[in-house]
Amino acid sequence: MKENVIYRPPKHRGVYLDPRTKVLFMFVLATLIFFVNKNLLMNSVLVLIPIVLLLSNHRYRPAFIYGGLFIIAILAKLLHGKLEFPYLLAMFLGLITELIFRFFPVFMFGYYIIKSTKPNEFISAMNLCHVPEAFIIPVSVVFRFIPTLGEESRSIGNAMRMREVRFGTPKFWKNPILILEYRVIPLMMSIAKIGEELSAAALSRGLGGLKKRSCLVELSFGIYDIGMAVITVLLIIWIIVGRM
Amino acid sequence: MIVLKNVSFFYHTEEHKSGVYDINLTVPSGQIVMLCGASGCGKTTITRLINGLAPTYYQGELKGQILINNVDSSGITLYELSQKVGSVFQNPRSQFFSIDSTSEIAFGCENTGIPREEMYHRIGQVAKDLNMEYLLDRNLFALSGGEKQKIACASVAAMQPDIFILDEPSSNLDLRTISDLKEVVRKWKAQGKTVIVAEHRLYYLMELVDRIIYMEDGKIIRDMSTEEFKKIDEKDIHQMGLRSRTAIHFEEKEHTNKDETFSFTNISFSYKKYKFLDIPEIKIPFGAIVGILGYNGAGKSTLAKSICGLEKKTKGFLNYKGSIFSAKDWKNKSYMVMQDVNHQLFTESVLDEILLSMENDNEEAKQKADKILKDLNLEKFYDVHPLSLSGGQKQRVAIGSAIASGKELLIFDEPTSGLDYKHMLGVSKLMKNLSSEGKTLFIITHDPELLKECCDYLLFLDNGKLDWFGGWTQENADRVNSFFI
């Protein structure tokens with residue numbers, strides 16, 4: 001007699017956003033960040049969103065590092081004009097603060113997307129939005145390759161340390177550029193090889209044959225997606241009101 | 001049913017030289033067939049012809065006709081073929097597309113548009129069939145090679161093909177997981193599936209296989225039943241480049257007189273309050289070839305990395321020829337040849353690779369490099385780019401740079417995974433040469449034949465502790481036998 005065993009996916013715990021929400025909000029965030037010029041409070045809100053999401057996804061380290069940087073940047077901004085720094089240092093500080101205010105929220109949100117989205121979720125979300133396959137597949141491979149890059153790079157780093165090819169050794173000072181080459185070339189070779197084998201494995205399991213893929217993960221907008229939508233609307237209203 | 005009629009195939013690219021010629025092969029449904037032969041004999045090409053990757057993905061010239069379930073495979077796409085033929089490949093690291101295990105099992109089903117509810121059924125069924133419920137919803141990057149290979153099998157099985165193609169599936173697996181793989185094949189056999197396995201390791205499948213095909217230089221030389229194959233003399237089997245058909249039996253060996261020793265004391269490695277290594281003392285004779293044994297997670301690779309000074313958290317002392325070195329200086333004494341040697345080849349020519357390991361690159365160093373390359377039979381490749389060499393040659397270049405570094409403790413991580421008998425013997429001979437030159441070798445291996453051929457001491461780790469260490473006494477041989485069963 002054949003027993004029926006049915007797999008049931010585990011329930012989402014904590015904040016769960018639909019991949020479509022994530023991608024859309026990425027655009028919202030990237031656009032809004034240009035309108036917050038002098039409004040420190042609103043900028044803080046925009047920074048807090050990725051941090052809260054990272055925390056909800058148990059990414060404590062990046063969240064705290066970025067949070068710390070942001071607090072320093074705010075202090076730097078508040079102290080602006082009160083402390084005299086040498087010209088170069090002041091310029092450098094100004095640049096860094098602007099980076100932290102302007103670019104990092106988007107970067108952190110991108111990091112959150114990559115860490116919290118499964119490749120197959122992403123593929124089917126993009127399919128639902130009618131994004132062409134030629135765009136979806138390469139992007140989803142990027143998700144898969146980020147942890148691999150880390151793994152490979154660690155092994156290569158070990159091999160370099162064993163041969164004393166690293167920063168500061170006599171071999172390094174002879175030709176400092178080489179050290180970059182030694183790190184990058186084996187990495188590229190192994191990524192190319194893994195990529196080739198991965199493509200073969202994916203093709204032999206029917207990737208790219210059918211127009212309509214199905215997806216293991218059920219995608220639907222939930223309460224958190226509504227929350228994001230509300231936040232977006234509030235932010236936009238705030239900007240418009242602030243400009244008037 | 002699979003039929004290959006007068007099939008010849010040549011690759012267009014340089015790197016895969018081994019095509020196949022005049023293949024005539026009929027595999028009826030439900031048969032378990034093993035393809036064997038030395039490296040480069042064309043067995044992998046046969047698997048690619050059946051799953052359609054050649055000539056569609058691995059391009060080349062195909063002559064003859066391939067019928068899969070009475071359909072000419074040249075007339076259908078890879079996508080259609082993928083629903084009839086499922087493939088599991090050699091390298092567990094490079095055949096998964098997802099990040100979590102369940103998505104990976106579903107990957108093929110998603111591609112073929114199976115509805116979600118049906119997918120849940122299939123995943124549940126496959127997980128039960130292959131005994132891997134505990135692997136569902138896990139991060140793939142945290143799984144061992146064997147567990148990844150099981151996921152790969154499950155992913156293919158969830159597509160419910162009639163034919164399974166396995167291309168050297170056991171190359172990167174240890175013994176425990178190999179027996180899991182065997183159970184998977186047994187299950188497929190019971191379900192009446194056709195299974196084609198290209199393999200070096202023969203023993204684990206002997207009781208399941210119906211038919212054995214031996215290939216040489218791209219041709220089928222012998223097509224035998226398992227009974228026939230079992231009758232071939234062991235010597236002839238090795239002559240054919242094949243590994244043993246039965247589990248290796250270890251015996252007591254006379255003790256070689258290597259009495260002078262050096263020692264490691266108080267090796268420890270802790271991470272998050274858990275002790276991964278805790279070894280009060282090991283005395284190792286100079287020039288020993290030590291086989292490091294133990295199950296997955298016993299601390300073998302942690303020990304190897306520690307000896308090379310790659311684990312910063314390791315503490316301990318090495319008493320070597322009258323001096324004492326603390327753990328962070330061990331890297332000046334030791335060198336590891338990694339399992340994936342691609343990670344440790346950096347330069348643009350073989351000669352540069354050797355010179356990189358030396359203090360300076362004057363004439364004297366060049367002469368020394370010359371000699372090292374000659375000893376390794378690499379003199380023809382002085383100016384060749386290391387990454388264009390074959391796997392075995394790359395490994396020898398890595399060994400060459402280990403010798404050139406002048407370090408005396410050499411560690412090898414799985415030097416013979418995926419090698420045929422002849423190449424395994426080559427590695428073993430090289431090991432013995434190194435040992436006779438006064439190097440002390442540590443070999444992490446799951447290869448019983450290599451262990452028997454060249455190791456003269458054994459080090460068994462269990463849970464980060466030294467279980468036992470010693471030569472081939474009767475007691476130790478028995479212990480190794482029971483480990484490999």
# chains A, B, ... in the order shown; residues from 1 in each chain; ligands from 1
>>> residues_around(residues="segment 50-56 of chain B", least_positions_apart="6", cutoff="9 Å", atoms="only C-alpha atoms", output="number ranges by chain")
A: 200, 203-204; B: 2, 4, 9, 11, 62, 66-68, 73-74, 77-78, 81-82, 84-87, 164-165
>>> residues_around(residues="Pro176 of chain A", least_positions_apart="5", cutoff="10 Å", atoms="only C-alpha atoms", output="VMD selection string")
chain A and resid 165 to 171 181
>>> atom_distance(atom1="atom CA of Ile292 of chain B", atom2="atom CA of Asp462 of chain B")
10.9 Å
>>> residues_around(residues="Asn332 of chain B", least_positions_apart="2", cutoff="12 Å", atoms="only C-alpha atoms", output="list in words")
Arg161, Met162, Arg163 and Glu164 of chain A; Ile307, Cys308, Gly309, Leu310, Leu318, Tyr320, Phe325, Ser326, Ala327, Lys328, Asp329, Trp330, Ser334, Tyr335, Met336, Ser357, Ala402, Ser405, Gly406, Lys407, Glu408, Leu409 and Leu410 of chain B
>>> atom_distance(atom1="atom CA of Leu93 of chain A", atom2="atom CA of Ile71 of chain A")
13.7 Å
>>> residues_around(residues="segment 143-158 of chain A", least_positions_apart="6", cutoff="9 Å", atoms="only C-alpha atoms", output="list of chain:residue names")
A:Ile114, A:Lys115, A:Thr117, A:Lys118, A:Pro119, A:Arg166, A:Tyr182, A:Arg183, A:Val184, A:Pro186, A:Leu187, A:Ser190, A:Ile191, A:Gly195, B:Arg93, B:Phe96, B:Phe97, B:Ser98, B:Ile99, B:Phe141, B:Lys305, B:Leu310, B:Met338, B:Asn342, B:His343, B:Gln344
>>> write_last_selection(atoms="C-alpha atoms", output="short mmCIF file (atom, residue, chain, number, x, y, z; two decimals), in the first residue's frame")
data_model
loop_
_atom_site.label_atom_id
_atom_site.label_comp_id
_atom_site.auth_asym_id
_atom_site.auth_seq_id
_atom_site.Cartn_x
_atom_site.Cartn_y
_atom_site.Cartn_z
CA ILE A 114 19.38 39.30 -1.61
CA LYS A 115 19.55 37.79 1.85
CA THR A 117 14.63 36.17 -1.08
CA LYS A 118 14.87 32.64 -2.41
CA PRO A 119 15.86 32.44 -6.07
CA ARG A 166 49.66 38.47 1.11
CA TYR A 182 46.49 36.09 -7.65
CA ARG A 183 43.24 36.58 -5.86
CA VAL A 184 41.07 37.30 -8.85
CA PRO A 186 41.72 31.59 -9.55
CA LEU A 187 38.40 33.00 -8.37
CA SER A 190 36.56 28.46 -10.40
CA ILE A 191 33.45 30.59 -10.83
CA GLY A 195 28.95 28.23 -13.74
CA ARG B 93 28.85 21.98 -5.02
CA PHE B 96 22.25 23.17 -7.16
CA PHE B 97 20.47 26.26 -8.24
CA SER B 98 18.67 27.24 -5.07
CA ILE B 99 19.80 28.25 -1.63
CA PHE B 141 25.39 25.83 1.82
CA LYS B 305 44.08 23.48 8.51
CA LEU B 310 45.23 28.44 8.67
CA MET B 338 44.03 21.17 -1.48
CA ASN B 342 42.55 25.23 -8.86
CA HIS B 343 42.46 27.37 -5.74
CA GLN B 344 46.20 27.31 -5.33
#
>>> atom_distance(atom1="atom CA of Glu183 of chain B", atom2="atom CA of Ala106 of chain B")
21.3 Å
>>> residues_around(residues="Gly392 of chain B", least_positions_apart="3", cutoff="8 Å", atoms="only C-alpha atoms", output="list in words")
Gln395, Arg396 and His423 of chain B
>>> select_by_dssp(residues="segment 207-426 of chain B", states="helix (DSSP H, G or I)", output="JSON, numbers by chain")
{"B": [226, 227, 228, 229, 230, 231, 234, 235, 236, 237, 238, 239, 300, 301, 302, 303, 304, 305, 306, 307, 327, 328, 329, 330, 331, 332, 341, 342, 343, 344, 350, 351, 352, 353, 354, 355, 356, 363, 364, 365, 366, 367, 368, 369, 370, 371, 372, 373, 374, 375, 379, 380, 381, 386, 387, 388, 391, 392, 393, 394, 395, 396, 397, 398, 399, 400, 401, 402, 403, 404, 421, 422, 423, 424, 425, 426]}
>>> residues_around(residues="Leu376 of chain B", least_positions_apart="5", cutoff="9 Å", atoms="only C-alpha atoms", output="PyMOL selection string")
chain B and resi 371+396-397+399-400+430
>>> write_last_selection(atoms="N, CA and C atoms", output="short mmCIF file (atom, residue, chain, number, x, y, z; two decimals), in the first residue's frame")
data_model
loop_
_atom_site.label_atom_id
_atom_site.label_comp_id
_atom_site.auth_asym_id
_atom_site.auth_seq_id
_atom_site.Cartn_x
_atom_site.Cartn_y
_atom_site.Cartn_z
N LYS B 371 64.79 20.80 -11.40
CA LYS B 371 64.90 19.44 -10.88
C LYS B 371 63.55 18.97 -10.34
N ARG B 396 50.07 17.77 -9.64
CA ARG B 396 51.53 17.63 -9.52
C ARG B 396 52.20 18.99 -9.44
N VAL B 397 51.67 19.99 -10.15
CA VAL B 397 52.24 21.34 -10.04
C VAL B 397 52.08 21.84 -8.60
N ILE B 399 51.86 20.04 -5.95
CA ILE B 399 52.81 19.30 -5.12
C ILE B 399 54.21 19.87 -5.32
N GLY B 400 54.53 20.21 -6.58
CA GLY B 400 55.83 20.81 -6.88
C GLY B 400 56.05 22.09 -6.10
N LEU B 430 54.24 8.81 -5.78
CA LEU B 430 54.73 10.15 -5.49
C LEU B 430 54.83 10.38 -3.98
#
>>> residues_around(residues="Lys193 of chain B", least_positions_apart="3", cutoff="8 Å", atoms="only C-alpha atoms", output="PyMOL selection string")
chain B and resi 29-31+162-164+188-190
>>> closest_residue(among="B:Glu207, B:Glu199, B:Asp223, B:Glu359", to="chain A", atoms="only C-alpha atoms")
B:Glu359
>>> closest_residue(among="B:Glu168, B:Glu80, B:Asp478, B:Asp456", to="chain A", atoms="only C-alpha atoms")
B:Glu80
>>> closest_residue(among="A:His58, A:Lys174, A:Arg20, A:Arg102", to="chain B", atoms="only C-alpha atoms")
A:Lys174
>>> select_by_dssp(residues="segment 94-243 of chain B", states="strand (DSSP E)", output="list of chain:residue names")
B:Ile163, B:Phe164, B:Ile165, B:Leu166, B:Asp167, B:Thr194, B:Val195, B:Ile196, B:Val197, B:Ala198, B:Arg211, B:Ile212, B:Ile213, B:Tyr214, B:Met215, B:Glu216, B:Lys219, B:Ile220, B:Ile221, B:Arg222, B:Asp223, B:Met224, B:Ser225
